[in-house]
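Coordinates from query.cif are shown below (mmCIF, C-alpha atoms).
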```
data_input
#
loop_
_atom_site.label_atom_id
_atom_site.label_comp_id
_atom_site.auth_asym_id
_atom_site.auth_seq_id
_atom_site.Cartn_x
_atom_site.Cartn_y
_atom_site.Cartn_z
CA MET A 1 106.82 125.91 110.65
CA ASN A 2 104.49 128.53 112.14
CA GLU A 3 100.72 128.30 111.97
CA GLU A 4 100.33 130.94 109.28
CA ARG A 5 102.65 129.00 106.99
CA LEU A 6 100.87 125.73 107.85
CA LEU A 7 97.47 127.18 106.94
CA GLU A 8 98.90 128.50 103.70
CA LEU A 9 100.01 125.01 102.70
CA VAL A 10 96.76 123.26 103.69
CA PRO A 11 95.00 123.48 100.27
CA LEU A 12 98.07 122.10 98.50
CA ALA A 13 98.55 119.40 101.11
CA ALA A 14 94.90 118.32 100.81
CA LEU A 15 95.42 117.83 97.08
CA GLY A 16 98.63 115.90 97.67
CA ALA A 17 100.56 118.49 95.64
CA LEU A 18 103.32 119.30 98.13
CA ASP A 19 106.82 118.16 97.23
CA ALA A 20 108.32 115.48 99.47
CA GLU A 21 110.43 117.76 101.64
CA GLU A 22 107.73 120.35 102.22
CA ARG A 23 105.19 117.61 102.86
CA ALA A 24 107.37 116.09 105.55
CA ALA A 25 107.78 119.49 107.26
CA PHE A 26 104.04 120.11 106.97
CA GLU A 27 103.10 116.76 108.46
CA ALA A 28 105.58 117.15 111.29
CA ALA A 29 104.17 120.55 112.26
CA LEU A 30 100.51 119.66 111.75
CA ALA A 31 99.89 118.11 115.16
CA SER A 32 100.79 121.41 116.83
CA SER A 33 97.88 123.23 115.18
CA PRO A 34 94.31 122.08 115.70
CA ALA A 35 93.19 124.88 113.36
CA ALA A 36 95.35 123.53 110.53
CA GLU A 37 94.11 119.99 111.20
CA ARG A 38 90.49 121.17 110.92
CA GLU A 39 91.26 123.06 107.73
CA LEU A 40 93.01 120.04 106.26
CA ALA A 41 89.99 117.80 106.98
CA ALA A 42 87.67 120.35 105.35
CA PHE A 43 89.87 120.72 102.26
CA ARG A 44 90.28 116.95 101.94
CA GLU A 45 86.53 116.58 101.93
CA LEU A 46 86.37 119.27 99.24
CA VAL A 47 88.98 117.37 97.20
CA GLY A 48 86.79 114.28 97.45
CA ARG A 49 83.75 116.19 96.25
CA LEU A 50 85.61 117.61 93.25
CA GLY A 51 85.58 114.09 91.82
CA LEU A 52 81.82 114.45 91.32
CA ALA A 53 82.54 116.70 88.34
CA THR A 54 84.16 113.81 86.51
CA ALA A 55 81.99 112.35 83.78
CA ALA A 56 80.59 108.98 84.82
CA VAL A 57 81.41 106.03 82.58
CA GLN A 58 79.64 102.72 83.15
CA PRO A 59 82.06 99.80 83.46
CA SER A 60 81.42 96.58 81.57
CA ALA A 61 78.52 94.47 82.80
CA LEU A 62 80.88 91.65 83.75
CA LEU A 63 82.56 93.73 86.43
CA ARG A 64 79.51 93.70 88.70
CA GLU A 65 79.44 89.92 88.67
CA ARG A 66 83.19 89.77 89.29
CA LEU A 67 82.90 92.08 92.30
CA LEU A 68 79.98 90.22 93.84
CA ARG A 69 81.71 86.89 93.36
CA ALA A 70 84.91 88.20 94.96
CA THR A 71 83.09 89.52 98.01
CA ARG A 72 80.41 86.88 98.51
CA PRO A 73 80.44 85.81 102.16
CA ALA A 74 81.42 82.17 102.70
CA ALA A 75 78.59 79.91 103.87
CA PRO A 76 78.86 79.21 107.61
CA ARG A 77 80.90 76.05 108.16
CA ARG A 78 79.09 73.13 109.73
CA SER A 79 80.48 71.74 112.91
CA PHE A 80 81.91 68.25 112.92
CA LEU A 81 79.81 67.66 116.01
CA VAL A 82 76.56 67.94 114.09
CA PRO A 83 75.77 64.23 114.20
CA ALA A 84 76.43 64.02 117.92
CA LEU A 85 74.68 67.12 119.16
CA ALA A 86 71.18 68.39 119.02
CA ALA A 87 70.77 70.27 115.73
CA GLY A 88 69.07 73.16 117.47
CA PHE A 89 72.01 73.72 119.73
CA VAL A 90 74.46 73.78 116.86
CA ALA A 91 72.23 76.12 114.88
CA ALA A 92 72.07 78.45 117.86
CA LEU A 93 75.85 78.43 118.16
CA ALA A 94 76.38 79.02 114.43
CA GLY A 95 73.80 81.81 114.44
CA LEU A 96 75.43 83.37 117.44
CA LEU A 97 78.87 83.31 115.82
CA LEU A 98 77.43 84.93 112.71
CA VAL A 99 75.79 87.62 114.77
CA ARG A 100 79.04 88.14 116.67
CA GLY A 101 80.79 88.64 113.37
CA GLU A 102 78.72 91.68 112.63
CA ARG A 103 80.91 94.68 112.74
CA ASP A 104 78.81 97.25 114.47
CA ALA A 105 76.82 95.32 117.04
CA ALA A 106 76.09 97.68 119.88
CA ARG A 107 78.59 97.23 122.65
CA GLY A 108 76.01 96.18 125.24
CA GLU A 109 74.50 93.73 122.83
CA ARG A 110 77.97 92.38 122.12
CA ALA A 111 78.68 91.83 125.82
CA ALA A 112 75.40 89.93 126.14
CA LEU A 113 76.24 87.85 123.07
CA GLU A 114 79.69 87.07 124.38
CA ALA A 115 78.21 85.94 127.68
CA GLU A 116 75.79 83.77 125.75
CA ALA A 117 78.64 82.40 123.63
CA ALA A 118 80.58 81.58 126.78
CA SER A 119 77.61 79.71 128.21
CA LEU A 120 77.12 77.83 124.93
CA ARG A 121 80.82 76.94 124.87
CA GLU A 122 80.44 75.62 128.38
CA ARG A 123 77.47 73.51 127.30
CA LEU A 124 79.37 72.31 124.27
CA ALA A 125 82.30 71.26 126.45
CA ALA A 126 79.87 69.42 128.72
CA GLU A 127 78.30 67.62 125.78
CA VAL A 128 81.65 66.66 124.32
CA ALA A 129 82.78 65.34 127.69
CA PHE A 130 79.54 63.42 127.95
CA ARG A 131 79.97 61.85 124.53
CA GLU A 132 83.49 60.70 125.40
CA LEU A 133 82.29 59.40 128.71
CA VAL A 134 79.39 57.30 127.37
CA SER A 135 81.59 55.72 124.72
CA HIS A 136 83.87 54.15 127.33
CA PRO A 137 83.18 50.48 128.17
CA GLU A 138 83.68 50.89 131.94
CA THR A 139 81.29 53.80 132.19
CA ARG A 140 78.21 53.15 134.29
CA VAL A 141 74.76 54.66 134.16
CA VAL A 142 72.02 54.96 136.73
CA SER A 143 68.53 56.35 136.30
CA LEU A 144 67.05 58.67 138.90
CA ALA A 145 63.28 58.94 139.27
CA GLY A 146 61.30 61.98 140.33
CA LEU A 147 60.04 61.88 143.91
CA ALA A 148 56.85 63.38 145.34
CA ALA A 149 58.25 66.94 145.21
CA ALA A 150 58.96 66.61 141.46
CA PRO A 151 57.05 63.69 139.99
CA GLN A 152 57.80 64.70 136.38
CA ALA A 153 61.55 64.80 136.90
CA ARG A 154 63.88 62.25 135.32
CA ALA A 155 67.64 62.07 135.38
CA ARG A 156 70.61 59.91 134.63
CA VAL A 157 74.04 59.97 136.12
CA VAL A 158 76.77 58.62 133.87
CA TRP A 159 80.12 58.08 135.54
CA HIS A 160 83.48 56.43 135.20
CA ALA A 161 85.05 55.78 138.59
CA GLY A 162 88.58 55.21 137.24
CA ARG A 163 88.62 58.43 135.23
CA ASP A 164 87.04 60.43 138.01
CA GLU A 165 84.41 61.80 135.65
CA GLY A 166 80.66 62.05 135.71
CA VAL A 167 77.76 63.84 134.08
CA LEU A 168 74.20 64.31 135.22
CA LEU A 169 71.44 64.77 132.65
CA ALA A 170 68.14 65.92 134.02
CA SER A 171 64.76 66.91 132.63
CA GLY A 172 61.36 67.81 134.00
CA LEU A 173 62.75 69.84 136.89
CA ALA A 174 61.19 73.20 137.69
CA PRO A 175 63.61 76.15 137.78
CA THR A 176 64.54 76.72 141.42
CA PRO A 177 63.33 79.76 143.38
CA VAL A 178 65.73 82.70 143.60
CA GLY A 179 68.65 81.90 145.89
CA LYS A 180 68.17 78.14 145.54
CA ALA A 181 69.78 75.48 143.39
CA TYR A 182 69.75 71.73 142.91
CA GLU A 183 72.49 69.79 144.66
CA LEU A 184 73.60 66.27 143.75
CA TRP A 185 74.64 63.78 146.44
CA ILE A 186 76.68 60.60 146.34
CA ILE A 187 75.50 58.22 149.03
CA ALA A 188 77.71 55.26 149.95
CA ASP A 189 77.91 53.69 153.40
CA ALA A 190 78.47 56.92 155.31
CA ALA A 191 76.81 60.33 155.14
CA PRO A 192 75.82 61.78 151.72
CA VAL A 193 78.73 63.51 150.00
CA PRO A 194 77.96 66.71 148.02
CA ALA A 195 78.62 66.23 144.27
CA GLY A 196 77.96 69.72 142.93
CA VAL A 197 75.28 72.35 142.51
CA PHE A 198 73.42 72.95 139.24
CA GLN A 199 70.56 74.89 137.72
CA VAL A 200 68.14 73.90 134.99
CA ASP A 201 67.30 75.90 131.87
CA ALA A 202 63.88 77.38 131.08
CA ASP A 203 62.78 73.99 129.73
CA GLY A 204 63.67 72.27 133.01
CA ARG A 205 66.74 70.55 131.56
CA ALA A 206 70.32 70.32 132.77
CA VAL A 207 73.53 68.80 131.48
CA PHE A 208 75.81 69.01 134.48
CA ARG A 209 79.42 67.95 134.53
CA LEU A 210 80.28 66.68 137.97
CA PRO A 211 83.21 68.38 139.69
CA ALA A 212 86.57 66.62 139.63
CA GLY A 213 87.85 64.76 142.68
CA LEU A 214 84.65 62.92 143.63
CA GLU A 215 84.85 59.44 145.17
CA PHE A 216 82.50 57.12 143.29
CA ALA A 217 83.73 53.87 144.87
CA GLY A 218 81.00 52.09 146.85
CA VAL A 219 78.24 54.46 145.70
CA LYS A 220 74.80 53.00 146.44
CA THR A 221 72.54 55.93 145.61
CA PHE A 222 72.59 59.26 143.74
CA ALA A 223 70.10 61.85 144.96
CA VAL A 224 69.19 65.48 144.22
CA THR A 225 67.82 67.96 146.75
CA VAL A 226 66.90 71.64 146.66
CA GLU A 227 69.48 73.69 148.58
CA PRO A 228 70.77 77.27 148.97
CA GLU A 229 72.50 78.18 145.70
CA GLY A 230 76.00 78.02 147.18
CA GLY A 231 75.46 74.39 148.17
CA THR A 232 75.58 72.83 151.63
CA PRO A 233 77.85 70.14 153.15
CA ALA A 234 74.84 68.00 154.13
CA PRO A 235 71.35 67.84 152.61
CA THR A 236 68.75 70.15 154.20
CA GLY A 237 66.05 70.63 151.55
CA PRO A 238 63.45 68.39 149.96
CA MET A 239 64.71 65.48 147.84
CA VAL A 240 63.45 65.63 144.25
CA LEU A 241 65.31 62.79 142.52
CA ALA A 242 66.91 59.55 143.64
CA GLY A 243 68.27 56.43 142.00
CA ALA A 244 69.82 53.29 143.45
CA VAL A 245 72.94 51.84 141.88
CA SER A 246 72.42 48.14 141.17
CA MET B 1 71.52 119.99 98.78
CA ALA B 2 69.74 117.19 96.96
CA SER B 3 71.95 114.21 96.21
CA ALA B 4 71.82 110.45 96.39
CA SER B 5 73.29 110.66 99.90
CA PRO B 6 70.25 109.57 101.96
CA GLN B 7 70.01 106.38 99.91
CA ALA B 8 73.78 105.95 100.08
CA ALA B 9 73.78 106.43 103.84
CA SER B 10 71.20 103.69 104.29
CA LEU B 11 73.16 101.39 101.97
CA ILE B 12 76.32 102.02 103.98
CA ARG B 13 74.47 101.08 107.18
CA ARG B 14 73.44 97.81 105.53
CA LEU B 15 77.01 97.22 104.32
CA THR B 16 78.23 97.74 107.85
CA ARG B 17 75.95 94.92 108.92
CA GLY B 18 77.49 92.67 106.26
CA ASP B 19 74.46 92.82 103.94
CA HIS B 20 75.98 91.60 100.66
CA LYS B 21 72.96 92.61 98.61
CA ALA B 22 73.57 96.22 99.60
CA LEU B 23 76.96 96.07 97.88
CA GLY B 24 75.29 95.36 94.53
CA GLU B 25 72.92 98.28 95.04
CA PHE B 26 75.75 100.57 96.09
CA TYR B 27 77.71 99.49 93.04
CA ASP B 28 74.77 100.21 90.76
CA LEU B 29 74.59 103.75 92.17
CA TYR B 30 78.27 104.61 91.95
CA ALA B 31 80.17 102.28 89.61
CA GLY B 32 79.87 104.87 86.82
CA LEU B 33 81.31 107.63 88.99
CA VAL B 34 84.24 105.54 90.24
CA ASN B 35 84.95 104.15 86.78
CA GLY B 36 84.73 107.63 85.25
CA MET B 37 87.35 108.93 87.68
CA ALA B 38 89.61 105.93 87.15
CA ILE B 39 89.39 106.29 83.35
CA ARG B 40 90.09 110.01 83.56
CA ILE B 41 93.20 109.33 85.64
CA LEU B 42 94.45 106.11 84.05
CA ARG B 43 93.20 106.49 80.45
CA ASP B 44 93.01 102.73 80.25
CA ARG B 45 89.73 100.87 80.39
CA ALA B 46 91.06 97.59 81.83
CA GLU B 47 93.13 99.27 84.54
CA ALA B 48 90.20 101.49 85.38
CA GLU B 49 87.97 98.46 85.92
CA ASP B 50 90.57 96.85 88.15
CA THR B 51 90.54 100.06 90.17
CA VAL B 52 86.74 100.01 90.37
CA GLN B 53 86.90 96.46 91.66
CA GLU B 54 89.47 97.44 94.31
CA VAL B 55 87.44 100.43 95.45
CA PHE B 56 84.24 98.44 95.92
CA VAL B 57 86.05 95.62 97.69
CA GLN B 58 87.41 98.30 100.01
CA VAL B 59 83.88 99.65 100.48
CA TRP B 60 82.73 96.15 101.38
CA GLN B 61 85.55 95.64 103.88
CA GLN B 62 85.66 99.12 105.38
CA ALA B 63 82.09 100.43 105.28
CA ALA B 64 82.25 100.72 109.06
CA ARG B 65 85.05 103.26 108.73
CA PHE B 66 82.86 105.67 106.79
CA ASP B 67 82.18 108.69 108.98
CA PRO B 68 79.22 110.77 107.77
CA LEU B 69 80.48 113.72 109.82
CA ARG B 70 83.55 113.90 107.63
CA GLY B 71 81.73 114.16 104.33
CA SER B 72 79.31 112.56 101.92
CA PRO B 73 79.56 108.95 100.74
CA GLU B 74 80.27 110.32 97.25
CA ALA B 75 83.26 112.33 98.48
CA TRP B 76 84.51 109.25 100.36
CA LEU B 77 84.24 107.12 97.21
CA CYS B 78 85.93 109.75 95.04
CA THR B 79 88.79 110.01 97.54
CA MET B 80 89.31 106.23 97.44
CA ALA B 81 89.00 106.10 93.65
CA ARG B 82 91.46 108.95 93.13
CA SER B 83 93.99 107.59 95.58
CA ARG B 84 93.96 104.06 94.11
CA ALA B 85 94.03 105.25 90.51
CA LEU B 86 96.93 107.64 91.24
CA ASP B 87 98.82 104.79 92.95
CA ARG B 88 98.51 102.75 89.76
CA LEU B 89 99.50 105.72 87.65
CA ARG B 90 102.69 106.24 89.68
CA LYS B 91 103.63 102.57 89.47
CA ARG B 92 103.11 102.64 85.75
CA SER B 93 104.84 105.93 84.88
CA SER B 94 108.28 104.41 85.20
CA ARG B 95 107.63 101.64 82.71
CA ARG B 96 105.55 103.07 79.92
CA GLU B 97 104.06 106.15 78.39
CA GLU B 98 100.45 106.73 79.26
CA PRO B 99 98.19 105.58 76.47
CA GLU B 100 95.77 108.04 74.98
CA LEU B 101 92.26 106.74 75.17
CA ALA B 102 90.65 107.25 71.78
CA ASN B 103 87.13 106.61 72.98
CA PRO B 104 86.50 106.77 76.70
CA GLY B 105 83.14 105.03 76.33
CA SER B 106 79.76 106.65 76.72
CA THR B 107 79.92 109.29 79.40
CA GLU B 108 77.04 110.61 81.43
CA ALA B 109 76.30 114.16 82.44
CA PRO B 110 76.36 114.74 86.21
CA LYS B 111 72.96 113.94 87.67
CA THR B 112 72.83 115.25 91.21
CA GLU B 113 72.60 118.90 92.16
CA GLU B 114 75.87 118.60 94.02
CA ALA B 115 77.69 117.18 90.99
CA ILE B 116 76.30 119.95 88.79
CA ALA B 117 77.41 122.56 91.32
CA VAL B 118 80.95 121.14 91.39
CA ARG B 119 81.11 121.05 87.61
CA ASN B 120 79.90 124.67 87.38
CA ALA B 121 82.36 125.84 90.04
CA LEU B 122 85.26 124.25 88.14
CA ASP B 123 84.05 125.71 84.85
CA ALA B 124 84.02 129.17 86.45
CA LEU B 125 87.71 129.04 87.41
CA PRO B 126 90.20 131.03 85.29
CA PRO B 127 91.77 128.57 82.81
CA ASP B 128 95.30 128.81 84.24
CA GLN B 129 94.01 127.96 87.74
CA ARG B 130 91.93 125.11 86.45
CA THR B 131 94.80 123.65 84.46
CA ALA B 132 97.15 123.68 87.45
CA LEU B 133 94.45 122.17 89.68
CA GLU B 134 93.63 119.40 87.20
CA LEU B 135 97.28 118.44 86.81
CA ALA B 136 97.40 117.91 90.57
CA TYR B 137 94.00 116.25 90.71
CA TYR B 138 94.01 113.86 87.77
CA GLU B 139 97.72 113.32 87.22
CA GLY B 140 98.85 113.42 90.83
CA LEU B 141 101.64 115.89 90.04
CA THR B 142 103.29 117.87 92.82
CA GLN B 143 103.60 121.64 92.65
CA SER B 144 107.19 121.43 91.29
CA GLU B 145 106.20 118.92 88.64
CA ILE B 146 103.34 121.19 87.58
CA ALA B 147 105.68 124.19 87.40
CA LEU B 148 108.01 122.17 85.20
CA ARG B 149 105.22 120.95 82.96
CA LEU B 150 103.79 124.46 82.50
CA SER B 151 107.16 126.24 82.43
CA GLU B 152 105.94 128.59 85.13
CA PRO B 153 107.67 129.68 88.36
CA LEU B 154 106.89 127.45 91.34
CA GLY B 155 105.47 130.37 93.33
CA THR B 156 103.01 131.15 90.57
CA VAL B 157 101.78 127.56 90.48
CA LYS B 158 101.37 127.41 94.24
CA THR B 159 99.36 130.61 94.23
CA ARG B 160 97.13 129.43 91.38
CA ILE B 161 96.30 126.15 93.07
CA ARG B 162 95.73 127.72 96.47
CA THR B 163 93.56 130.46 94.99
CA ALA B 164 91.53 127.88 93.04
CA MET B 165 90.98 125.71 96.11
CA ILE B 166 89.91 128.63 98.29
CA ARG B 167 87.58 129.87 95.61
CA LEU B 168 86.00 126.44 95.18
CA ARG B 169 85.50 126.17 98.89
CA GLY B 170 83.83 129.56 98.96
CA VAL B 171 81.47 128.62 96.13
CA LEU B 172 80.70 125.08 97.22
CA GLY B 173 80.66 125.63 100.98
CA PRO B 174 80.89 122.84 103.52
CA SER B 175 79.49 119.48 102.51
CA SER B 176 75.75 118.99 102.73
#
```
Could you spell out this file's structure in structure tokens?
Amino acid sequence: MNEERLLELVPLAALGALDAEERAAFEAALASSPAAERELAAFRELVGRLGLATAAVQPSALLRERLLRATRPAAPRRSFLVPALAAGFVAALAGLLLVRGERDAARGERAALEAEAASLRERLAAEVAFRELVSHPETRVVSLAGLAAAPQARARVVWHAGRDEGVLLASGLAPTPVGKAYELWIIADAAPVPAGVFQVDADGRAVFRLPAGLEFAGVKTFAVTVEPEGGTPAPTGPMVLAGAVS
Amino acid sequence: MASASPQAASLIRRLTRGDHKALGEFYDLYAGLVNGMAIRILRDRAEAEDTVQEVFVQVWQQAARFDPLRGSPEAWLCTMARSRALDRLRKRSSRREEPELANPGSTEAPKTEEAIAVRNALDALPPDQRTALELAYYEGLTQSEIALRLSEPLGTVKTRIRTAMIRLRGVLGPSS
């Protein structure tokens, strides 16, 4: 089908009035002619507008209610973790998921939200792990007190030697300077063994899941120092928290 | 061209954000238009209301697909209403004769300048062009079916419809 013929058929095609065979030929040839595609879009829009001439008739009053009931968004579902987790955290997560559901969030905003969601998921995983850990009878807990460099700081390490799991909960720690982080140490009879690097949030809190593969046997002391953010094999910075295992 | 479009555009933005209240407002603006088209095509009040429901559910689900560059919200709605009502009409035509609607309900005169312009442009068409166009528009007939219905040669019908469409475009211009 040449372009002249295509353009001739455009008004009929826009109305949907072509017979099946001609319509198939028209549609097959359409992609070859940007001019015909533009014309078709313009005529389709005109076809839409022609509907405005139709006399309006109000539907029954019940229809509005029926529509709104059928489309009403479901209330956000509450998480089963509500009793176990801080309500604020759950609300933040639920709010975030709602916001994420919005269809036209700007792309940049969406990326930021997804990053935030990922970090919240991470926190959630840490809290769930913590809850499982504390419920186990062989799990041990030690309190760490703030030292001179951070007198307000408090922390607990909760660990289960057999399951090779541990979590540190800290509060009252100042955010570290750029390029620095807090590093946890396990001190037994020999030199301190690094047990992971963590940061605190704006409120000075941290829920830090200790890396897998740590050796807890014989631990006498847990301590936290300020170190370069990548961590170091042996402590170099000031000690801010320490707690002896009884 | 003055129309309800600015208000409609802002409602569509709210719908895109999932604002359910905006759907009620959008419905209040356009339910009469969509229902009027569905009644004109289906000639059945209950089927027309089912169509209205479908169209507004589609608006709710697909507001983000509305592209203001491709036309007004009214044209978008009319396109959806016509297409859904014609689908129902085609499904029905095999099983029963179309009922004649004795009383279509209270109708309203077109309110916006654009609607009045469209009505006037259609009224100005020669009757044979308008008849052929309306058979395609409201009954969803193809050119051959129209030729059969009117007992006219196919070529004549094609020319009438094409001439009518080109004339309407000339009078109404591109969308506002």
Run the PyMOL selection byres ((chain B) within 8 of (chain A)) mentally over the shown coordinates, then write out the matched residues as a VMD selection string, using the chain letters and numbers from the document.
chain B and resid 16 to 18 20 23 to 24 27 31 to 37 40 49 53 56 to 57 60 64 70 to 71 74 to 79 82 104 to 110 114 to 116 118 to 119 136 to 137 140 to 144 158 161 to 162 165 to 166 169 174 to 175
Provide the CA of Pro194 (chain A) to CA of Thr221 (chain A) distance in Å, to one decimal place.
12.3 Å
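Of the listed residues (B:Asp87, B:Glu54, B:Asp19, B:Glu152), B:Glu152 comes nearest to Ala132 (chain B); the distances count all atoms listed in the file.
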Suppose you want the space between CA of Arg90 (chain B) and CA of Pro73 (chain B); what is it in Å?
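Computed distance, CA of Arg90 (chain B) to CA of Pro73 (chain B), equals 25.8 Å.
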Take the PyMOL selection byres ((chain A and resi 196-199) around 12), run it mentally on this structure, and tell me the resulting residues as JSON, numbers by chain.
{"A": [166, 167, 168, 169, 170, 171, 173, 174, 175, 176, 177, 178, 179, 180, 181, 182, 183, 184, 185, 186, 193, 194, 195, 200, 201, 202, 203, 204, 205, 206, 207, 208, 209, 210, 211, 212, 213, 214, 222, 223, 224, 225, 226, 227, 228, 229, 230, 231, 232, 233, 234, 235]}
Might you spell out which residues the PyMOL selection byres ((chain A and resi 246) around 10) would select in the displayed file, as a short mmCIF file (atom, residue, chain, number, x, y, z; two decimals) with C-alpha atoms, in the frame of the given file?
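This is the output file out16.cif:
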```cif
data_model
loop_
_atom_site.label_atom_id
_atom_site.label_comp_id
_atom_site.auth_asym_id
_atom_site.auth_seq_id
_atom_site.Cartn_x
_atom_site.Cartn_y
_atom_site.Cartn_z
CA VAL A 141 74.76 54.66 134.16
CA VAL A 142 72.02 54.96 136.73
CA VAL A 219 78.24 54.46 145.70
CA LYS A 220 74.80 53.00 146.44
CA THR A 221 72.54 55.93 145.61
CA GLY A 243 68.27 56.43 142.00
CA ALA A 244 69.82 53.29 143.45
CA VAL A 245 72.94 51.84 141.88
#
```
Would you mind reading off the distance between CA of Asp28 (chain B) and CA of Pro68 (chain B), one decimal, in Å?
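CA of Pro68 (chain B) lies at a distance of 20.5 Å from CA of Asp28 (chain B).
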Identify which of the residues B:Ala121, B:Ala85, B:Val59, B:Leu148 lies closest to Arg14 (chain B), counting all atoms listed in the file when measuring atom-to-atom distances.
B:Val59
For Asn2 (chain A), work out the shell of residues within 12 Å, counting all atoms listed in the file and skipping chain neighbours fewer than 6 positions away, then give it as a list in words.
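Counting only the stated atoms, we get Glu8, Leu9, Ala25, Phe26, Ala28, Ala29, Leu30, Ala31, Ser32, Ser33, Ala35 and Ala36 of chain A.
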Using all atoms listed in the file, find the one residue out of B:Val157, B:Arg92, B:Gln58, B:Asp44 that sits nearest to Leu135 (chain B).
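Of B:Val157, B:Arg92, B:Gln58, B:Asp44, the one nearest Leu135 (chain B) is B:Val157, counting all atoms listed in the file.
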Box in all listed atoms of region 146-154 of chain A, axis-aligned, with 4 Å more on each side; write out centre and edge lengths in Å to one decimal as lines of an AutoDock Vina configuration file.
```
center_x = 60.4
center_y = 64.4
center_z = 140.3
size_x = 15.0
size_y = 13.1
size_z = 18.0
```
As an mmCIF file, keeping the file's coordinate frame, the rebuilt region 136-153 of chain B with N, CA and C atoms:
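For reference, result-v1.cif as written:
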```cif
data_model
loop_
_atom_site.group_PDB
_atom_site.id
_atom_site.type_symbol
_atom_site.label_atom_id
_atom_site.label_comp_id
_atom_site.auth_asym_id
_atom_site.auth_seq_id
_atom_site.Cartn_x
_atom_site.Cartn_y
_atom_site.Cartn_z
ATOM 1 N N ALA B 136 97.228 118.497 89.238
ATOM 2 C CA ALA B 136 97.400 117.910 90.570
ATOM 3 C C ALA B 136 96.345 116.839 90.815
ATOM 4 N N TYR B 137 95.121 117.137 90.384
ATOM 5 C CA TYR B 137 94.000 116.250 90.710
ATOM 6 C C TYR B 137 94.022 114.946 89.929
ATOM 7 N N TYR B 138 94.151 115.049 88.612
ATOM 8 C CA TYR B 138 94.010 113.860 87.770
ATOM 9 C C TYR B 138 95.334 113.205 87.407
ATOM 10 N N GLU B 139 96.437 113.945 87.551
ATOM 11 C CA GLU B 139 97.720 113.320 87.220
ATOM 12 C C GLU B 139 98.578 113.118 88.445
ATOM 13 N N GLY B 140 98.118 113.644 89.583
ATOM 14 C CA GLY B 140 98.850 113.420 90.830
ATOM 15 C C GLY B 140 100.201 114.122 90.847
ATOM 16 N N LEU B 141 100.345 115.199 90.067
ATOM 17 C CA LEU B 141 101.640 115.890 90.040
ATOM 18 C C LEU B 141 101.798 116.778 91.277
ATOM 19 N N THR B 142 103.022 116.934 91.729
ATOM 20 C CA THR B 142 103.290 117.870 92.820
ATOM 21 C C THR B 142 103.460 119.269 92.223
ATOM 22 N N GLN B 143 103.500 120.242 93.109
ATOM 23 C CA GLN B 143 103.600 121.640 92.650
ATOM 24 C C GLN B 143 104.840 121.865 91.761
ATOM 25 N N SER B 144 105.969 121.245 92.107
ATOM 26 C CA SER B 144 107.190 121.430 91.290
ATOM 27 C C SER B 144 107.034 120.789 89.923
ATOM 28 N N GLU B 145 106.414 119.614 89.917
ATOM 29 C CA GLU B 145 106.200 118.920 88.640
ATOM 30 C C GLU B 145 105.263 119.737 87.737
ATOM 31 N N ILE B 146 104.269 120.361 88.359
ATOM 32 C CA ILE B 146 103.340 121.190 87.580
ATOM 33 C C ILE B 146 104.073 122.404 87.015
ATOM 34 N N ALA B 147 104.914 123.015 87.841
ATOM 35 C CA ALA B 147 105.680 124.190 87.400
ATOM 36 C C ALA B 147 106.543 123.818 86.193
ATOM 37 N N LEU B 148 107.167 122.648 86.287
ATOM 38 C CA LEU B 148 108.010 122.170 85.200
ATOM 39 C C LEU B 148 107.190 121.949 83.932
ATOM 40 N N ARG B 149 106.063 121.276 84.107
ATOM 41 C CA ARG B 149 105.220 120.950 82.960
ATOM 42 C C ARG B 149 104.721 122.217 82.270
ATOM 43 N N LEU B 150 104.366 123.235 83.067
ATOM 44 C CA LEU B 150 103.790 124.460 82.500
ATOM 45 C C LEU B 150 104.850 125.520 82.198
ATOM 46 N N SER B 151 106.084 125.241 82.560
ATOM 47 C CA SER B 151 107.160 126.240 82.430
ATOM 48 C C SER B 151 106.774 127.549 83.114
ATOM 49 N N GLU B 152 106.315 127.425 84.326
ATOM 50 C CA GLU B 152 105.940 128.590 85.130
ATOM 51 C C GLU B 152 106.757 128.550 86.421
ATOM 52 N N PRO B 153 106.977 129.702 87.062
ATOM 53 C CA PRO B 153 107.670 129.680 88.360
ATOM 54 C C PRO B 153 106.849 128.915 89.400
#
```
